[in-house]
file start.csv (CSV, C-alpha atoms and all ligand atoms)
chain,number,residue,atom,x,y,z
A,1,MET,CA,-23.2,8.5,-3.4
A,2,LYS,CA,-24.5,5.2,-2.2
A,3,LYS,CA,-22.7,3.3,0.6
A,4,ASP,CA,-20.4,0.5,-0.5
A,5,LEU,CA,-21.3,-2.9,0.7
A,6,ARG,CA,-17.8,-4.3,0.7
A,7,SER,CA,-16.5,-1.4,2.9
A,8,MET,CA,-18.8,-2.2,5.8
A,9,SER,CA,-18.0,-4.0,9.0
A,10,LEU,CA,-20.3,-6.7,10.1
A,11,SER,CA,-22.0,-4.5,12.6
A,12,GLN,CA,-22.5,-1.7,10.1
A,13,LEU,CA,-24.0,-4.2,7.7
A,14,GLU,CA,-26.3,-5.5,10.4
A,15,GLU,CA,-27.6,-2.0,10.9
A,16,GLU,CA,-28.2,-1.5,7.2
A,17,ILE,CA,-30.0,-4.8,6.9
A,18,LEU,CA,-32.3,-4.0,9.8
A,19,GLY,CA,-32.9,-0.7,8.2
A,20,LEU,CA,-34.1,-2.5,5.1
A,21,GLY,CA,-36.6,-4.3,7.3
A,22,GLU,CA,-34.8,-7.6,7.0
A,23,PRO,CA,-33.7,-10.0,9.8
A,24,LYS,CA,-30.3,-9.3,11.2
A,25,PHE,CA,-28.9,-12.8,10.5
A,26,LYS,CA,-29.0,-12.0,6.8
A,27,ALA,CA,-26.1,-9.6,7.4
A,28,LYS,CA,-23.9,-12.5,8.4
A,29,GLN,CA,-24.7,-14.4,5.3
A,30,ILE,CA,-24.1,-11.4,3.1
A,31,TYR,CA,-20.8,-10.6,4.9
A,32,SER,CA,-19.7,-14.2,4.4
A,33,TRP,CA,-20.4,-13.9,0.6
A,34,LEU,CA,-18.5,-10.7,0.5
A,35,HIS,CA,-15.4,-11.6,2.6
A,36,GLN,CA,-15.2,-15.3,2.7
A,37,HIS,CA,-16.4,-16.4,-0.7
A,38,GLN,CA,-15.3,-13.0,-2.0
A,39,VAL,CA,-18.0,-12.8,-4.7
A,40,SER,CA,-17.8,-10.1,-7.4
A,41,SER,CA,-21.5,-9.4,-7.6
A,42,VAL,CA,-24.7,-9.5,-5.5
A,43,ASP,CA,-26.2,-12.1,-7.8
A,44,GLU,CA,-23.7,-14.6,-6.8
A,45,MET,CA,-25.1,-14.6,-3.3
A,46,THR,CA,-27.3,-17.7,-3.9
A,47,ASN,CA,-28.8,-18.2,-0.5
A,48,ILE,CA,-30.1,-14.6,-0.5
A,49,SER,CA,-33.6,-14.1,-1.8
A,50,LYS,CA,-34.0,-12.4,-5.2
A,51,ALA,CA,-36.0,-9.7,-3.5
A,52,LEU,CA,-33.3,-8.9,-1.0
A,53,ARG,CA,-30.6,-9.0,-3.7
A,54,GLU,CA,-32.6,-6.4,-5.7
A,55,LYS,CA,-32.9,-4.2,-2.6
A,56,LEU,CA,-29.1,-4.5,-2.1
A,57,LYS,CA,-28.4,-3.5,-5.7
A,58,ASP,CA,-30.8,-0.6,-5.5
A,59,ASN,CA,-29.5,0.8,-2.3
A,60,TYR,CA,-25.8,0.1,-2.3
A,61,GLU,CA,-22.7,0.4,-4.3
A,62,PHE,CA,-20.7,-2.7,-4.9
A,63,CYS,CA,-17.1,-1.5,-5.5
A,64,SER,CA,-15.3,-3.7,-7.9
A,65,CYS,CA,-12.0,-3.9,-9.8
A,66,SER,CA,-12.3,-5.2,-13.3
A,67,ILE,CA,-9.1,-6.4,-15.0
A,68,GLU,CA,-8.3,-3.9,-17.7
A,69,LYS,CA,-4.8,-5.1,-18.3
A,70,LYS,CA,-2.7,-7.9,-16.8
A,71,LEU,CA,1.1,-8.2,-17.3
A,72,VAL,CA,3.1,-11.3,-16.2
A,73,SER,CA,6.9,-11.0,-15.8
A,74,VAL,CA,8.7,-13.7,-17.7
A,75,TYR,CA,11.6,-13.5,-15.2
A,76,ASP,CA,9.8,-14.1,-11.9
A,77,ASP,CA,6.0,-14.5,-12.3
A,78,THR,CA,5.3,-11.1,-10.9
A,79,VAL,CA,1.9,-10.0,-12.0
A,80,LYS,CA,0.8,-6.4,-12.5
A,81,TYR,CA,-2.8,-5.4,-12.8
A,82,LEU,CA,-4.4,-2.3,-14.2
A,83,PHE,CA,-7.9,-2.4,-12.7
A,84,GLU,CA,-10.8,-0.3,-13.7
A,85,LEU,CA,-13.1,0.9,-10.9
A,86,ASN,CA,-16.9,1.4,-11.2
A,87,ASP,CA,-16.5,5.1,-12.1
A,88,GLY,CA,-14.0,4.4,-14.9
A,89,GLU,CA,-10.9,5.4,-12.9
A,90,TYR,CA,-7.8,3.2,-13.1
A,91,ILE,CA,-5.6,1.8,-10.3
A,92,GLU,CA,-2.6,-0.6,-10.2
A,93,SER,CA,-1.7,-3.5,-8.0
A,94,VAL,CA,1.2,-5.9,-8.2
A,95,VAL,CA,1.4,-9.5,-7.0
A,96,MET,CA,4.8,-10.9,-6.1
A,97,LYS,CA,5.9,-14.4,-5.2
A,98,TYR,CA,8.3,-14.9,-2.3
A,99,LYS,CA,9.5,-17.9,-0.4
A,100,TYR,CA,7.0,-17.2,2.4
A,101,GLY,CA,4.0,-16.7,0.1
A,102,TYR,CA,2.3,-14.2,-2.1
A,103,THR,CA,2.4,-10.5,-1.4
A,104,ILE,CA,0.1,-7.9,-3.1
A,105,CYS,CA,1.1,-4.3,-3.3
A,106,VAL,CA,-2.2,-2.3,-3.3
A,107,SER,CA,-3.0,1.3,-4.2
A,108,SER,CA,-4.8,3.4,-1.6
A,109,GLN,CA,-5.8,6.4,-3.8
A,110,VAL,CA,-6.4,7.2,-7.4
A,111,GLY,CA,-3.2,9.2,-8.0
A,112,CYS,CA,-1.3,11.0,-5.2
A,113,LYS,CA,-1.0,14.6,-3.9
A,114,MET,CA,2.5,14.2,-2.4
A,115,GLY,CA,4.5,15.2,-5.4
A,116,CYS,CA,7.7,13.2,-4.8
A,117,LYS,CA,10.0,14.1,-7.6
A,118,PHE,CA,11.2,10.6,-8.5
A,119,CYS,CA,7.7,9.0,-8.4
A,120,ALA,CA,5.5,8.2,-11.3
A,121,SER,CA,2.3,8.0,-9.2
A,122,THR,CA,2.2,11.7,-8.8
A,123,ILE,CA,2.6,12.7,-12.4
A,124,ALA,CA,-1.0,12.1,-13.5
A,125,GLY,CA,-2.3,14.0,-10.5
A,126,PHE,CA,-4.7,13.1,-7.7
A,127,VAL,CA,-8.3,12.2,-8.3
A,128,ARG,CA,-9.8,10.6,-5.2
A,129,ASN,CA,-9.5,8.3,-2.2
A,130,LEU,CA,-10.2,4.6,-2.6
A,131,THR,CA,-12.9,3.1,-0.3
A,132,ALA,CA,-11.9,0.3,2.0
A,133,GLY,CA,-13.9,-2.0,-0.4
A,134,GLU,CA,-11.9,-0.9,-3.4
A,135,ILE,CA,-8.6,-1.6,-1.6
A,136,LEU,CA,-10.0,-5.0,-0.6
A,137,ALA,CA,-11.3,-5.7,-4.1
A,138,GLN,CA,-7.7,-5.5,-5.4
A,139,VAL,CA,-6.7,-8.4,-3.1
A,140,TYR,CA,-9.9,-10.4,-3.7
A,141,THR,CA,-9.8,-10.0,-7.5
A,142,ALA,CA,-6.1,-10.8,-7.9
A,143,GLN,CA,-6.5,-13.8,-5.6
A,144,LYS,CA,-9.4,-15.2,-7.6
A,145,ASP,CA,-7.8,-14.5,-11.0
A,146,LEU,CA,-4.6,-16.3,-10.0
A,147,SER,CA,-6.2,-19.1,-7.9
A,148,ILE,CA,-3.9,-18.4,-5.0
A,149,ARG,CA,-4.1,-17.3,-1.4
A,150,ILE,CA,-2.4,-14.0,-0.8
A,151,SER,CA,-0.8,-13.9,2.6
A,152,HIS,CA,0.8,-10.5,2.7
A,153,VAL,CA,-0.2,-7.0,1.8
A,154,VAL,CA,1.9,-3.9,1.4
A,155,LEU,CA,0.3,-0.5,1.1
A,156,MET,CA,3.0,0.6,-1.3
A,157,GLY,CA,1.0,1.1,-4.5
A,158,VAL,CA,-0.2,4.5,-5.8
A,159,GLY,CA,-1.3,6.9,-3.1
A,160,GLU,CA,-0.4,8.0,0.4
A,161,PRO,CA,-2.2,5.8,2.9
A,162,MET,CA,-2.0,8.4,5.7
A,163,ASP,CA,-3.9,10.8,3.4
A,164,ASN,CA,-6.8,8.3,3.3
A,165,PHE,CA,-6.4,7.3,6.9
A,166,ASP,CA,-10.0,6.2,7.9
A,167,ASN,CA,-10.6,4.1,4.8
A,168,VAL,CA,-7.2,2.5,5.1
A,169,MET,CA,-7.9,1.6,8.8
A,170,ASP,CA,-11.3,0.1,7.7
A,171,PHE,CA,-9.4,-1.9,5.0
A,172,ILE,CA,-7.0,-3.2,7.6
A,173,SER,CA,-9.7,-4.3,10.0
A,174,LEU,CA,-11.7,-6.0,7.3
A,175,ILE,CA,-8.7,-7.9,5.8
A,176,THR,CA,-7.6,-9.1,9.2
A,177,ASP,CA,-11.1,-10.2,10.3
A,178,GLU,CA,-11.2,-13.9,11.0
A,179,LYS,CA,-14.7,-14.1,9.4
A,180,GLY,CA,-13.1,-12.9,6.1
A,181,GLN,CA,-9.6,-13.1,4.6
A,182,ASN,CA,-8.2,-13.5,8.1
A,183,MET,CA,-4.8,-12.1,7.2
A,184,SER,CA,-2.3,-11.8,10.0
A,185,MET,CA,-1.7,-8.2,11.1
A,186,ARG,CA,2.0,-8.9,11.1
A,187,ASN,CA,1.8,-9.6,7.4
A,188,ILE,CA,0.7,-6.0,6.6
A,189,SER,CA,3.0,-3.2,5.8
A,190,LEU,CA,1.9,0.4,5.6
A,191,SER,CA,4.2,2.9,3.9
A,192,THR,CA,4.2,6.6,4.3
A,193,CYS,CA,6.2,9.4,2.7
A,194,GLY,CA,6.4,10.9,6.2
A,195,VAL,CA,3.0,12.3,7.2
A,196,VAL,CA,3.9,12.8,10.8
A,197,ASP,CA,0.4,13.4,12.2
A,198,GLY,CA,-0.6,10.1,10.5
A,199,ILE,CA,2.2,8.3,12.3
A,200,TYR,CA,0.9,9.5,15.6
A,201,ARG,CA,-2.7,8.5,14.8
A,202,LEU,CA,-1.5,5.1,13.8
A,203,MET,CA,0.6,4.8,16.9
A,204,GLU,CA,-2.5,5.2,19.0
A,205,LYS,CA,-4.0,2.1,17.4
A,206,LYS,CA,-1.0,0.0,18.5
A,207,LEU,CA,-1.3,-2.4,15.6
A,208,GLN,CA,1.2,-5.1,15.0
A,209,LEU,CA,1.7,-4.2,11.4
A,210,THR,CA,5.0,-3.0,9.9
A,211,LEU,CA,5.4,0.8,9.4
A,212,SER,CA,7.6,1.7,6.5
A,213,ILE,CA,9.0,5.2,6.1
A,214,SER,CA,10.0,6.5,2.6
A,215,LEU,CA,13.0,8.4,3.9
A,216,HIS,CA,15.2,8.7,0.7
A,217,ALA,CA,17.5,11.3,2.1
A,218,PRO,CA,19.6,11.9,5.3
A,219,ASN,CA,18.9,15.6,5.7
A,220,ASP,CA,16.4,18.4,5.0
A,221,GLU,CA,18.4,19.9,2.2
A,222,ILE,CA,18.3,16.8,0.0
A,223,ARG,CA,14.9,15.6,1.2
A,224,SER,CA,13.1,18.9,0.6
A,225,ARG,CA,14.5,18.9,-2.9
A,226,THR,CA,13.0,15.6,-3.8
A,227,MET,CA,10.0,15.3,-1.4
A,228,PRO,CA,7.7,18.3,-0.8
A,229,VAL,CA,6.2,16.7,2.3
A,230,ASN,CA,9.5,17.4,4.0
A,231,ASN,CA,8.7,21.2,4.0
A,232,LYS,CA,5.9,20.4,6.4
A,233,TRP,CA,7.6,17.8,8.6
A,234,GLY,CA,11.4,17.8,8.4
A,235,VAL,CA,13.8,14.9,8.9
A,236,ASP,CA,14.3,15.4,12.6
A,237,GLU,CA,10.6,15.7,13.4
A,238,LEU,CA,9.9,12.6,11.3
A,239,LEU,CA,12.6,10.6,13.0
A,240,LYS,CA,11.3,11.7,16.4
A,241,ALA,CA,7.9,10.4,15.5
A,242,CYS,CA,9.5,7.1,14.4
A,243,ARG,CA,11.2,6.8,17.8
A,244,ASP,CA,8.0,7.6,19.6
A,245,TYR,CA,6.3,5.0,17.4
A,246,THR,CA,8.7,2.2,18.2
A,247,LYS,CA,8.6,3.1,21.9
A,248,ALA,CA,4.8,2.8,21.9
A,249,THR,CA,4.4,-0.3,19.7
A,250,ASN,CA,7.7,-2.1,20.1
A,251,ARG,CA,7.7,-2.6,16.3
A,252,ARG,CA,10.8,-2.2,14.2
A,253,ILE,CA,10.4,0.4,11.5
A,254,SER,CA,11.5,-0.1,8.0
A,255,PHE,CA,13.1,2.8,6.2
A,256,GLU,CA,12.9,2.9,2.4
A,257,TYR,CA,15.8,4.6,0.6
A,258,ALA,CA,15.8,4.9,-3.1
A,259,MET,CA,19.4,5.2,-4.4
A,260,ILE,CA,19.5,8.1,-6.9
A,261,SER,CA,22.8,8.6,-8.6
A,262,GLY,CA,24.6,11.8,-7.5
A,263,VAL,CA,21.6,12.9,-5.3
A,264,ASN,CA,21.6,10.9,-2.1
A,265,ASP,CA,24.1,8.0,-2.6
A,266,SER,CA,27.4,9.4,-1.4
A,267,ASP,CA,29.5,7.9,1.5
A,268,GLU,CA,28.8,11.2,3.3
A,269,CYS,CA,25.0,10.6,2.9
A,270,ALA,CA,25.4,7.1,4.3
A,271,ARG,CA,27.4,8.4,7.3
A,272,GLU,CA,24.8,11.1,8.0
A,273,LEU,CA,22.0,8.6,7.7
A,274,ALA,CA,23.6,6.0,9.9
A,275,LYS,CA,24.3,8.5,12.6
A,276,LYS,CA,20.7,9.6,12.6
A,277,LEU,CA,19.3,6.1,12.8
A,278,ARG,CA,21.8,4.8,15.3
A,279,GLY,CA,20.1,3.3,18.3
A,280,MET,CA,16.8,2.9,16.7
A,281,LEU,CA,14.9,-0.3,16.2
A,282,ALA,CA,15.2,0.0,12.4
A,283,HIS,CA,16.0,-1.6,9.2
A,284,VAL,CA,17.1,0.2,6.0
A,285,ASN,CA,15.9,-1.1,2.6
A,286,LEU,CA,18.0,0.4,-0.3
A,287,ILE,CA,16.2,0.4,-3.7
A,288,PRO,CA,18.0,1.3,-6.8
A,289,VAL,CA,15.7,4.1,-8.0
A,290,ASN,CA,13.3,3.1,-10.8
A,291,GLU,CA,14.1,5.2,-13.8
A,292,VAL,CA,10.9,7.0,-14.8
A,293,LYS,CA,11.5,8.9,-18.0
A,294,GLU,CA,9.9,12.2,-16.9
A,295,THR,CA,12.0,12.5,-13.7
A,296,GLY,CA,15.5,12.3,-15.3
A,297,TYR,CA,16.8,10.5,-12.2
A,298,LYS,CA,19.3,7.7,-12.7
A,299,LYS,CA,19.9,4.7,-10.4
A,300,SER,CA,23.1,4.4,-8.5
A,301,ASN,CA,25.5,1.7,-9.8
A,302,ASP,CA,26.1,-1.6,-8.0
A,303,GLU,CA,29.5,-0.5,-6.7
A,304,ARG,CA,28.1,2.7,-5.2
A,305,ILE,CA,25.3,0.7,-3.6
A,306,ARG,CA,27.8,-1.8,-2.1
A,307,ARG,CA,29.8,1.1,-0.7
A,308,PHE,CA,26.7,2.7,0.8
A,309,VAL,CA,25.8,-0.6,2.5
A,310,SER,CA,29.2,-1.1,3.9
A,311,VAL,CA,29.3,2.4,5.4
A,312,MET,CA,25.8,1.7,7.0
A,313,GLU,CA,27.0,-1.6,8.3
A,314,SER,CA,30.1,-0.1,9.8
A,315,TYR,CA,27.8,1.9,12.1
A,316,GLY,CA,25.8,-1.3,12.9
A,317,ILE,CA,22.7,-0.4,10.9
A,318,ASN,CA,20.8,-3.3,9.5
A,319,THR,CA,20.7,-2.6,5.7
A,320,THR,CA,19.6,-4.7,2.7
A,321,VAL,CA,19.2,-4.0,-1.0
A,322,ARG,CA,15.8,-4.7,-2.3
A,323,ARG,CA,15.6,-7.3,-5.1
A,324,THR,CA,14.0,-6.0,-8.2
A,325,LEU,CA,11.0,-8.0,-9.3
A,326,GLY,CA,9.0,-7.6,-12.5
A,327,SER,CA,11.4,-5.3,-14.2
A,328,ASP,CA,10.1,-6.3,-17.6
A,329,ILE,CA,6.5,-5.2,-16.9
A,330,ASN,CA,7.0,-1.8,-15.3
A,331,ALA,CA,6.0,-3.4,-12.0
A,332,SER,CA,6.7,-0.3,-10.0
A,333,CYS,CA,3.6,1.6,-9.5
A,334,GLY,CA,2.1,4.6,-11.2
A,335,GLN,CA,3.5,3.8,-14.6
A,336,LEU,CA,0.5,1.9,-16.1
A,337,ARG,CA,-2.1,4.3,-15.0
A,338,ARG,CA,-0.1,7.1,-16.4
A,339,LYS,CA,0.2,5.4,-19.8
A,340,LYS,CA,-3.5,4.6,-19.8
A,341,LYS,CA,-4.3,8.3,-19.2
A,342,GLU,CA,-2.0,9.3,-22.1
A,343,GLU,CA,-3.8,7.0,-24.5
A,401,LIG,N1,2.9,7.3,-0.4
A,401,LIG,C1,3.5,6.2,0.3
A,401,LIG,C2,3.1,4.9,-0.3
A,401,LIG,C3,3.8,4.6,-1.6
A,401,LIG,S1,4.9,3.4,-1.4
A,401,LIG,C4,5.0,6.3,0.5
A,401,LIG,O1,5.5,7.3,-0.1
A,401,LIG,O2,5.6,5.6,1.2
A,401,LIG,C5,5.9,3.5,-2.8
A,401,LIG,C6,7.3,3.4,-2.5
A,401,LIG,O3,8.1,3.5,-3.7
A,401,LIG,C7,7.7,4.6,-1.6
A,401,LIG,O4,8.8,4.3,-0.8
A,401,LIG,C8,8.2,5.6,-2.7
A,401,LIG,O5,9.0,6.6,-2.2
A,401,LIG,C9,9.0,4.6,-3.6
A,401,LIG,N2,9.2,5.1,-5.0
A,401,LIG,C10,8.5,6.0,-5.7
A,401,LIG,N3,9.0,6.2,-6.9
A,401,LIG,C11,10.1,5.4,-6.9
A,401,LIG,C12,11.1,5.2,-7.9
A,401,LIG,N4,11.1,5.8,-9.1
A,401,LIG,N5,12.1,4.3,-7.6
A,401,LIG,C13,12.1,3.7,-6.4
A,401,LIG,N6,11.2,3.9,-5.5
A,401,LIG,C14,10.2,4.7,-5.7

call {"tool": "encode", "arguments": {"input": "start.csv", "output": "structure tokens"}}
result
Amino acid sequence: MKKDLRSMSLSQLEEEILGLGEPKFKAKQIYSWLHQHQVSSVDEMTNISKALREKLKDNYEFCSCSIEKKLVSVYDDTVKYLFELNDGEYIESVVMKYKYGYTICVSSQVGCKMGCKFCASTIAGFVRNLTAGEILAQVYTAQKDLSIRISHVVLMGVGEPMDNFDNVMDFISLITDEKGQNMSMRNISLSTCGVVDGIYRLMEKKLQLTLSISLHAPNDEIRSRTMPVNNKWGVDELLKACRDYTKATNRRISFEYAMISGVNDSDECARELAKKLRGMLAHVNLIPVNEVKETGYKKSNDERIRRFVSVMESYGINTTVRRTLGSDINASCGQLRRKKKEE
């Protein structure tokens, strides 16, 4: 497979351009077309000679996302995209508007191997990793389509970022590059279902991004029932990695906790969770589980969620309930791709 132009750092691109027998400064121009102007084809690079454009097209891939479907929520302007990739696979991204700006939720893989029981992303199976350029293309394409500047990225779409570690790291360094999108590292969140070796690899990089952990249960008994990854790294091992992570980076960790009626939402669960998180630099985000028809799970009711929050707060744990956006457009990930596959 040919190398993807959009996935390369400037120095990689310079090497390639020299390899084509072209002067090195051309790489800067091309990089600027790719990441500042964010063009969607080589032919839009108008100060690059026709001959070099042809060489680029012959020798490299240009990963793109074409809009297969776009849904706009009538409630809150949330936009959901189903993108088609060059090889005909589909991925999803969601753009949300907050007071502080626009956030995009991007996918990191086509499908997912992790097998969480409540999650739609996993139902249609795993196909492949996305390249850094394909993750970037989601941001660039949405931004251009909506004529906005996207200031925040959450790696919370389809896929497990830690299972595509190197491409995700390349994506992060490209999107934060001041010669490109120049996004602030602090505006990036990376979410993992609890791949502990990935947490340690990320820790080494000491990035100022936000690490989110999809915890969803206070103990191994419940967590292993809903999240197969827990059989490899149990709750205690995961929380130890989180403590080590905050010690090394000084960054507060965000714990995601989907409230599933009768599964993980009792006062007892809240007490157990609170005790385990006590003393950590942490924040808990409760999310009424999104009901996916195949899973059979039901969301906890408002009263149950309020009780859960008040138990957590009684232990001094910072806890919020996530606002639901785009509920009319199936904005939670995995659902559109799955429907497309069924068609
Ligand atoms: N694989 C990574 C990135 C995906 S992020 C991870 O697991 O963190 C997607 C988030 O949505 C995760 O927190 C995931 O656990 C959560 N999620 C998946 N299915 C859900 C559902 N039906 N309702 C609420 N949250 C869900």

call {"tool": "closest_atom_pairs", "arguments": {"input": "start.csv", "of": "chain A", "to": "ligand LIG 401 (chain A)", "cutoff": "6 Å", "atoms": "all atoms listed in the file", "output": "tab-separated table"}}
result
residue	atom	partner	partner_atom	distance
A:Phe118	CA	A:LIG401	N4	4.8
A:Cys119	CA	A:LIG401	N3	3.4
A:Ala120	CA	A:LIG401	N3	6.0
A:Met156	CA	A:LIG401	S1	3.4
A:Gly157	CA	A:LIG401	C3	5.3
A:Val158	CA	A:LIG401	C3	5.8
A:Gly159	CA	A:LIG401	N1	5.0
A:Glu160	CA	A:LIG401	N1	3.5
A:Ser191	CA	A:LIG401	O2	4.1
A:Thr192	CA	A:LIG401	O2	3.5
A:Cys193	CA	A:LIG401	O1	3.6
A:Ile213	CA	A:LIG401	O2	6.0
A:Ser214	CA	A:LIG401	O4	4.2
A:Glu256	CA	A:LIG401	O4	5.4
A:Ala258	CA	A:LIG401	C13	5.1
A:Ile287	CA	A:LIG401	C13	5.9
A:Val289	CA	A:LIG401	N5	3.6
A:Asn290	CA	A:LIG401	N5	3.6
A:Glu291	CA	A:LIG401	N4	5.6
A:Val292	CA	A:LIG401	N4	5.8

call {"tool": "closest_residue", "arguments": {"input": "start.csv", "among": "A:Ser189, A:Gly115, A:Leu155, A:Met8", "to": "Asp177 in chain A", "atoms": "all atoms listed in the file"}}
result
A:Met8

call {"tool": "atom_distance", "arguments": {"input": "start.csv", "atom1": "CA of Lys340 in chain A", "atom2": "CA of Thr131 in chain A"}}
result
21.7 Å

call {"tool": "residues_around", "arguments": {"input": "start.csv", "residues": "Gln29 in chain A", "least_positions_apart": "4", "cutoff": "9 Å", "atoms": "all atoms listed in the file", "output": "list in words"}}
result
Phe25, Trp33, Leu34, Met45, Asn47 and Ile48 of chain A

call {"tool": "residues_around", "arguments": {"input": "start.csv", "residues": "Val42 in chain A", "least_positions_apart": "5", "cutoff": "8 Å", "atoms": "all atoms listed in the file", "output": "PyMOL selection string"}}
result
chain A and resi 53+56-57+62

call {"tool": "write_last_selection", "arguments": {"input": "start.csv", "atoms": "C-alpha atoms", "output": "mmCIF file, in the frame of the given file"}}
result
data_model
loop_
_atom_site.group_PDB
_atom_site.id
_atom_site.type_symbol
_atom_site.label_atom_id
_atom_site.label_comp_id
_atom_site.auth_asym_id
_atom_site.auth_seq_id
_atom_site.Cartn_x
_atom_site.Cartn_y
_atom_site.Cartn_z
ATOM 1 C CA ARG A 53 -30.600 -9.000 -3.700
ATOM 2 C CA LEU A 56 -29.100 -4.500 -2.100
ATOM 3 C CA LYS A 57 -28.400 -3.500 -5.700
ATOM 4 C CA PHE A 62 -20.700 -2.700 -4.900
#

call {"tool": "atom_distance", "arguments": {"input": "start.csv", "atom1": "CA of Ser64 in chain A", "atom2": "CA of Val95 in chain A"}}
result
17.7 Å

call {"tool": "residues_around", "arguments": {"input": "start.csv", "residues": "Asn167 in chain A", "least_positions_apart": "4", "cutoff": "9 Å", "atoms": "all atoms listed in the file", "output": "list of chain:residue names"}}
result
A:Ser7, A:Ser108, A:Asn129, A:Leu130, A:Thr131, A:Ala132, A:Gly133, A:Ile135, A:Pro161, A:Phe171, A:Ile172

call {"tool": "closest_residue", "arguments": {"input": "start.csv", "among": "A:Leu281, A:Ala270, A:Val79, A:Leu325", "to": "Ile305 in chain A", "atoms": "all atoms listed in the file"}}
result
A:Ala270

call {"tool": "atom_distance", "arguments": {"input": "start.csv", "atom1": "CA of Thr210 in chain A", "atom2": "CA of Ala142 in chain A"}}
result
22.4 Å

call {"tool": "residues_around", "arguments": {"input": "start.csv", "residues": "Glu68 in chain A", "least_positions_apart": "6", "cutoff": "7 Å", "atoms": "all atoms listed in the file", "output": "PyMOL selection string"}}
result
chain A and resi 82-84

call {"tool": "decode", "arguments": {"input": "start.csv", "residues": "range 109-122 of chain A", "atoms": "N, CA and C atoms", "output": "PDB file, in the first residue's frame"}}
result
ATOM      1  N   GLN A 109     -10.554   3.683  14.550  1.00  0.00           N
ATOM      2  CA  GLN A 109     -10.467   2.410  13.836  1.00  0.00           C
ATOM      3  C   GLN A 109     -11.770   2.182  13.068  1.00  0.00           C
ATOM      4  N   VAL A 110     -11.712   1.317  12.057  1.00  0.00           N
ATOM      5  CA  VAL A 110     -12.945   0.879  11.416  1.00  0.00           C
ATOM      6  C   VAL A 110     -13.411  -0.320  12.232  1.00  0.00           C
ATOM      7  N   GLY A 111     -14.422  -0.092  13.063  1.00  0.00           N
ATOM      8  CA  GLY A 111     -14.879  -1.140  13.974  1.00  0.00           C
ATOM      9  C   GLY A 111     -13.996  -1.195  15.201  1.00  0.00           C
ATOM     10  N   CYS A 112     -14.189  -2.212  16.027  1.00  0.00           N
ATOM     11  CA  CYS A 112     -13.461  -2.299  17.298  1.00  0.00           C
ATOM     12  C   CYS A 112     -13.381  -3.756  17.722  1.00  0.00           C
ATOM     13  N   LYS A 113     -12.251  -4.108  18.361  1.00  0.00           N
ATOM     14  CA  LYS A 113     -12.065  -5.501  18.804  1.00  0.00           C
ATOM     15  C   LYS A 113     -12.451  -5.711  20.257  1.00  0.00           C
ATOM     16  N   MET A 114     -12.762  -4.629  20.977  1.00  0.00           N
ATOM     17  CA  MET A 114     -12.801  -4.717  22.430  1.00  0.00           C
ATOM     18  C   MET A 114     -14.021  -5.452  22.983  1.00  0.00           C
ATOM     19  N   GLY A 115     -15.107  -5.434  22.236  1.00  0.00           N
ATOM     20  CA  GLY A 115     -16.241  -6.274  22.604  1.00  0.00           C
ATOM     21  C   GLY A 115     -17.061  -5.855  23.807  1.00  0.00           C
ATOM     22  N   CYS A 116     -17.036  -4.570  24.192  1.00  0.00           N
ATOM     23  CA  CYS A 116     -17.868  -4.142  25.326  1.00  0.00           C
ATOM     24  C   CYS A 116     -19.341  -4.442  25.010  1.00  0.00           C
ATOM     25  N   LYS A 117     -20.017  -5.010  25.979  1.00  0.00           N
ATOM     26  CA  LYS A 117     -21.352  -5.558  25.726  1.00  0.00           C
ATOM     27  C   LYS A 117     -22.427  -4.501  25.440  1.00  0.00           C
ATOM     28  N   PHE A 118     -22.194  -3.272  25.917  1.00  0.00           N
ATOM     29  CA  PHE A 118     -23.221  -2.231  25.755  1.00  0.00           C
ATOM     30  C   PHE A 118     -22.971  -1.383  24.523  1.00  0.00           C
ATOM     31  N   CYS A 119     -21.901  -1.660  23.789  1.00  0.00           N
ATOM     32  CA  CYS A 119     -21.432  -0.721  22.766  1.00  0.00           C
ATOM     33  C   CYS A 119     -21.769  -1.177  21.354  1.00  0.00           C
ATOM     34  N   ALA A 120     -22.283  -0.227  20.549  1.00  0.00           N
ATOM     35  CA  ALA A 120     -22.685  -0.550  19.179  1.00  0.00           C
ATOM     36  C   ALA A 120     -21.484  -0.666  18.238  1.00  0.00           C
ATOM     37  N   SER A 121     -20.359  -0.057  18.624  1.00  0.00           N
ATOM     38  CA  SER A 121     -19.204  -0.019  17.713  1.00  0.00           C
ATOM     39  C   SER A 121     -18.644  -1.397  17.432  1.00  0.00           C
ATOM     40  N   THR A 122     -18.883  -2.264  18.356  1.00  0.00           N
ATOM     41  CA  THR A 122     -18.228  -3.554  18.331  1.00  0.00           C
ATOM     42  C   THR A 122     -19.062  -4.597  17.566  1.00  0.00           C
TER      43      THR A 122
END
